[in-house]
Structure formats: C-alpha cells, structure tokens
Amino acid sequence: MCRFPLLALTLLAPSLALASPAAKADLKDAAGKPVGTATFTSAGGGVEVKVQVSGLKPGPHGFHVHSAGICEAPDFKTAAGHFNPAGKQHGLDNPMGHHGGDMPNLVVGADGKGKASATLHGVTLGEGDASLFHAGGTALVVHADADDGNTDPAGNAGARIACGVVQRGK
Ligand SMILES: [Cu+2]
Ligand SMILES: [Zn+2]
C-alpha cells in the first residue's frame with residue numbers, strides 16, 4: 001500500500017523545514033551582472049554565511065549584511081546601513097562592536113574569484129527583530145575596499161559594488 005509512506009512524508013515535511021531554515025542571495029554588480037551567490041544556514045545559535053564571487057577586483061573586500069532588503073543599482077544605498085539588531089558599533093575589532101551583519105573581509109584572488117564563510121552571531125533566520133527576515137528584509141553587500149574592522153559605522157570599506165537580497169531558500 002502507498003498510504004503509509006504518503007502519511008509519513010506529510011508528517012515529516014513541516015518539521016524538516018523548521019529544523020533547517022535556509023536562505024540565499026544572488027549578488028549582482030552595479031551593471032546588473034551576476035557576480036556571485038551566498039547561502040545562509042542556522043548554525044550554533046547564529047547564521048552561517050557562505051559566499052562565492054567572480055569577476056571582482058583582486059584584494060580584500062568588506063562585506064556585510066545590510067538592514068534593508070532592497071538592491072537598487074548603481075550605488076545600492078537602498079540596502080541602508082549594516083544590520084544591527086543589538087544596537088552596537090561597527091567592526092569585529094571594535095570593543096563597542098559589533099553589528100550583527102559584520103563579517104571578516106572577502107579576499108578575491110588574481111583570477112577575480114573569491115570564497116568566504118563566516119558566522120553571524122545574535123542573528124537568526126527565524127522570527128523577530130534579529131531575523132534576516134525582519135520587516136523589510138536584509139541584503140548582502142560587497143564593497144570596493146577592505147573593511148578596517150573598527151571604524152564606525154561601516155569600516156571605511158568604500159563604495160558598494162555588489163548586492164543581493166536575502167531570500168528564503170526552498
Ligand atoms: Cu556593507
Ligand atoms: Zn558593521
């Protein structure tokens with residue numbers, strides 16, 4: 001009989017979805033060209049971010065989760081400031097920091113490609129103000145220059161060169 005497997009699937013599906021909420025962002029540059037992707041998964045009381053990019057200038061680039069889920073080229077100012085649900089200052093090296101959306105620099109190689117993974121602490125994929133899905137959403141932004149790790153409010157990381165809205169995964 002096929003009735004039992006169907007019933008089991010129906011019962012399992014919702015609990016699996018709750019156990020591993022996931023999200024992604026498709027990064028585009030100021031000209032609208034795709035330059036990378038990021039994935040977000042719940043991990044150890046925070047959110048693990050994995051990003052890979054291509055076609056970017058070699059060297060270190062600041063990248064952060066910003067507090068509004070709107071990516072309007074060319075300057076991506078619509079993504080607003082860094083996601084900061086705890087009301088801290090900017091920077092992983094700042095004693096008054098750091099923002100929930102702060103991460104170490106993304107290093108791009110001579111071939112224009114780069115990869116990074118980082119964990120956002122005090123941030124969730126669930127409900128509430130600390131969620132990447134809070135009202136208005138969030139976006140992942142890559143900058144032209146390195147983040148110095150402590151200058152409030154944005155680490156002197158320069159122009160915003162790529163942006164992707166954080167979207168619920170399937
Ligand atoms: Cu940023
Ligand atoms: Zn910040």
# chains A, B, ... in the order shown; residues from 1 in each chain; ligands from 1

$ residues_near_ligand --ligand "ligand 1" --cutoff "10 Å" --atoms "only C-alpha atoms and all ligand atoms" --output "MDAnalysis selection string"
chainID A and resid 61:67 76:77 79:83 101:103 139:144 147 153:163

$ select_by_dssp --residues "region 2-167 of chain A" --states "helix (DSSP H, G or I)" --output "ChimeraX atom specification"
/A:3-19,77-79

$ write_last_selection --atoms "C-alpha atoms" --output "compact mmCIF listing (two decimals), in the first residue's frame"
# COMPACT_ATOMS: atom_id res chain seq x y z
CA ARG A 3 -0.88 5.14 2.01
CA PHE A 4 1.67 4.85 4.79
CA PRO A 5 4.67 6.46 3.00
CA LEU A 6 2.46 9.35 1.96
CA LEU A 7 1.33 9.90 5.53
CA ALA A 8 4.93 9.75 6.79
CA LEU A 9 6.03 12.36 4.26
CA THR A 10 3.19 14.65 5.19
CA LEU A 11 4.18 14.50 8.86
CA LEU A 12 7.92 14.88 8.25
CA ALA A 13 7.96 17.75 5.79
CA PRO A 14 6.98 20.59 8.14
CA SER A 15 9.41 19.56 10.91
CA LEU A 16 12.31 19.31 8.44
CA ALA A 17 11.55 22.79 7.21
CA LEU A 18 11.68 24.13 10.77
CA ALA A 19 14.87 22.26 11.66
CA LYS A 77 22.23 52.84 -0.97
CA THR A 78 18.72 51.37 -0.69
CA ALA A 79 20.18 48.49 1.31

$ residues_around --residues "region 38-51 of chain A" --least-positions-apart "3" --cutoff "9 Å" --atoms "only C-alpha atoms" --output "list in words"
Ala19, Ser20, Pro21, Ala22, Ala23, Lys24, Ala25, Asp26, Leu27, Leu106, Gly114, Lys115, Ala116, Ser117, Ala118, Thr119, Leu120, His121, Gly122, Val123, Thr124, Leu125, Leu140, Gly164, Val166 and Gly169 of chain A

$ closest_residue --among "A:Asn105, A:Asn84, A:Gln167, A:Ser131" --to "ligand 2" --atoms "only C-alpha atoms and all ligand atoms"
A:Asn84

$ closest_residue --among "A:Asp93, A:Glu72, A:Asp129, A:Asp29" --to "ligand 2" --atoms "only C-alpha atoms and all ligand atoms"
A:Asp93

$ closest_residue --among "A:Gly137, A:Gly109, A:Gly97, A:Gly32" --to "Pro74 (chain A)" --atoms "only C-alpha atoms"
A:Gly32

$ closest_residue --among "A:Gln89, A:Asn94, A:Gln52, A:Thr138" --to "ligand 2" --atoms "only C-alpha atoms and all ligand atoms"
A:Gln89

$ closest_residue --among "A:Lys28, A:His98, A:His134, A:Lys113" --to "ligand 2" --atoms "only C-alpha atoms and all ligand atoms"
A:His98

$ closest_residue --among "A:Gly55, A:Gly126, A:Gly69, A:Gly100" --to "Pro85 (chain A)" --atoms "only C-alpha atoms"
A:Gly100

$ select_by_dssp --residues "chain A" --states "strand (DSSP E)" --output "JSON, numbers by chain"
{"A": [22, 23, 24, 25, 26, 27, 28, 29, 34, 35, 36, 37, 38, 39, 40, 41, 42, 43, 46, 47, 48, 49, 50, 51, 52, 53, 59, 60, 61, 63, 64, 65, 66, 106, 107, 108, 114, 115, 116, 117, 118, 119, 120, 121, 139, 140, 141, 142, 143, 160, 161, 162, 163, 164, 165, 167, 168]}

$ write_last_selection --atoms "C-alpha atoms" --output "JSON list (two decimals), in the first residue's frame"
[["chain", "number", "residue", "atom", "x", "y", "z"],
["A", 22, "ALA", "CA", 17.96, 28.33, 4.90],
["A", 23, "ALA", "CA", 18.30, 31.35, 2.69],
["A", 24, "LYS", "CA", 20.28, 32.62, -0.26],
["A", 25, "ALA", "CA", 21.27, 35.81, -2.02],
["A", 26, "ASP", "CA", 22.16, 36.30, -5.68],
["A", 27, "LEU", "CA", 24.75, 39.06, -5.96],
["A", 28, "LYS", "CA", 24.70, 41.49, -8.86],
["A", 29, "ASP", "CA", 27.04, 44.37, -9.64],
["A", 34, "PRO", "CA", 25.60, 38.31, -11.69],
["A", 35, "VAL", "CA", 28.86, 38.20, -9.69],
["A", 36, "GLY", "CA", 28.20, 35.58, -7.05],
["A", 37, "THR", "CA", 25.93, 33.81, -4.61],
["A", 38, "ALA", "CA", 25.64, 33.40, -0.88],
["A", 39, "THR", "CA", 23.88, 30.81, 1.27],
["A", 40, "PHE", "CA", 22.68, 31.21, 4.85],
["A", 41, "THR", "CA", 22.02, 28.36, 7.29],
["A", 42, "SER", "CA", 21.26, 28.27, 11.00],
["A", 43, "ALA", "CA", 24.31, 27.10, 12.96],
["A", 46, "GLY", "CA", 23.76, 32.08, 14.74],
["A", 47, "VAL", "CA", 23.68, 32.03, 10.96],
["A", 48, "GLU", "CA", 26.47, 30.60, 8.83],
["A", 49, "VAL", "CA", 27.11, 32.55, 5.62],
["A", 50, "LYS", "CA", 28.96, 31.05, 2.66],
["A", 51, "VAL", "CA", 29.69, 33.34, -0.25],
["A", 52, "GLN", "CA", 31.42, 32.89, -3.57],
["A", 53, "VAL", "CA", 32.10, 35.61, -6.10],
["A", 59, "GLY", "CA", 42.19, 42.03, -3.00],
["A", 60, "PRO", "CA", 40.22, 42.19, 0.25],
["A", 61, "HIS", "CA", 36.63, 43.46, 0.15],
["A", 63, "PHE", "CA", 31.08, 42.56, 3.01],
["A", 64, "HIS", "CA", 28.15, 42.75, 5.37],
["A", 65, "VAL", "CA", 24.51, 42.00, 5.84],
["A", 66, "HIS", "CA", 22.70, 45.33, 5.49],
["A", 106, "LEU", "CA", 36.21, 38.57, 1.50],
["A", 107, "VAL", "CA", 39.54, 38.03, -0.28],
["A", 108, "VAL", "CA", 39.43, 37.94, -4.08],
["A", 114, "GLY", "CA", 36.82, 34.63, -4.02],
["A", 115, "LYS", "CA", 35.16, 32.49, -1.35],
["A", 116, "ALA", "CA", 34.45, 33.06, 2.30],
["A", 117, "SER", "CA", 32.46, 31.63, 5.14],
["A", 118, "ALA", "CA", 31.58, 33.36, 8.38],
["A", 119, "THR", "CA", 29.12, 33.06, 11.23],
["A", 120, "LEU", "CA", 26.75, 35.88, 12.18],
["A", 121, "HIS", "CA", 26.16, 35.85, 15.94],
["A", 139, "ALA", "CA", 20.68, 42.29, 1.81],
["A", 140, "LEU", "CA", 24.25, 41.10, 1.42],
["A", 141, "VAL", "CA", 26.55, 43.89, 0.15],
["A", 142, "VAL", "CA", 30.14, 43.66, -1.13],
["A", 143, "HIS", "CA", 32.33, 46.78, -1.04],
["A", 160, "ARG", "CA", 29.04, 49.26, -2.64],
["A", 161, "ILE", "CA", 29.92, 47.18, -5.71],
["A", 162, "ALA", "CA", 27.55, 44.22, -5.44],
["A", 163, "CYS", "CA", 24.28, 43.49, -3.68],
["A", 164, "GLY", "CA", 21.85, 40.60, -3.23],
["A", 165, "VAL", "CA", 18.59, 40.46, -1.31],
["A", 167, "GLN", "CA", 15.68, 35.33, 0.21],
["A", 168, "ARG", "CA", 14.20, 32.25, 1.79]]
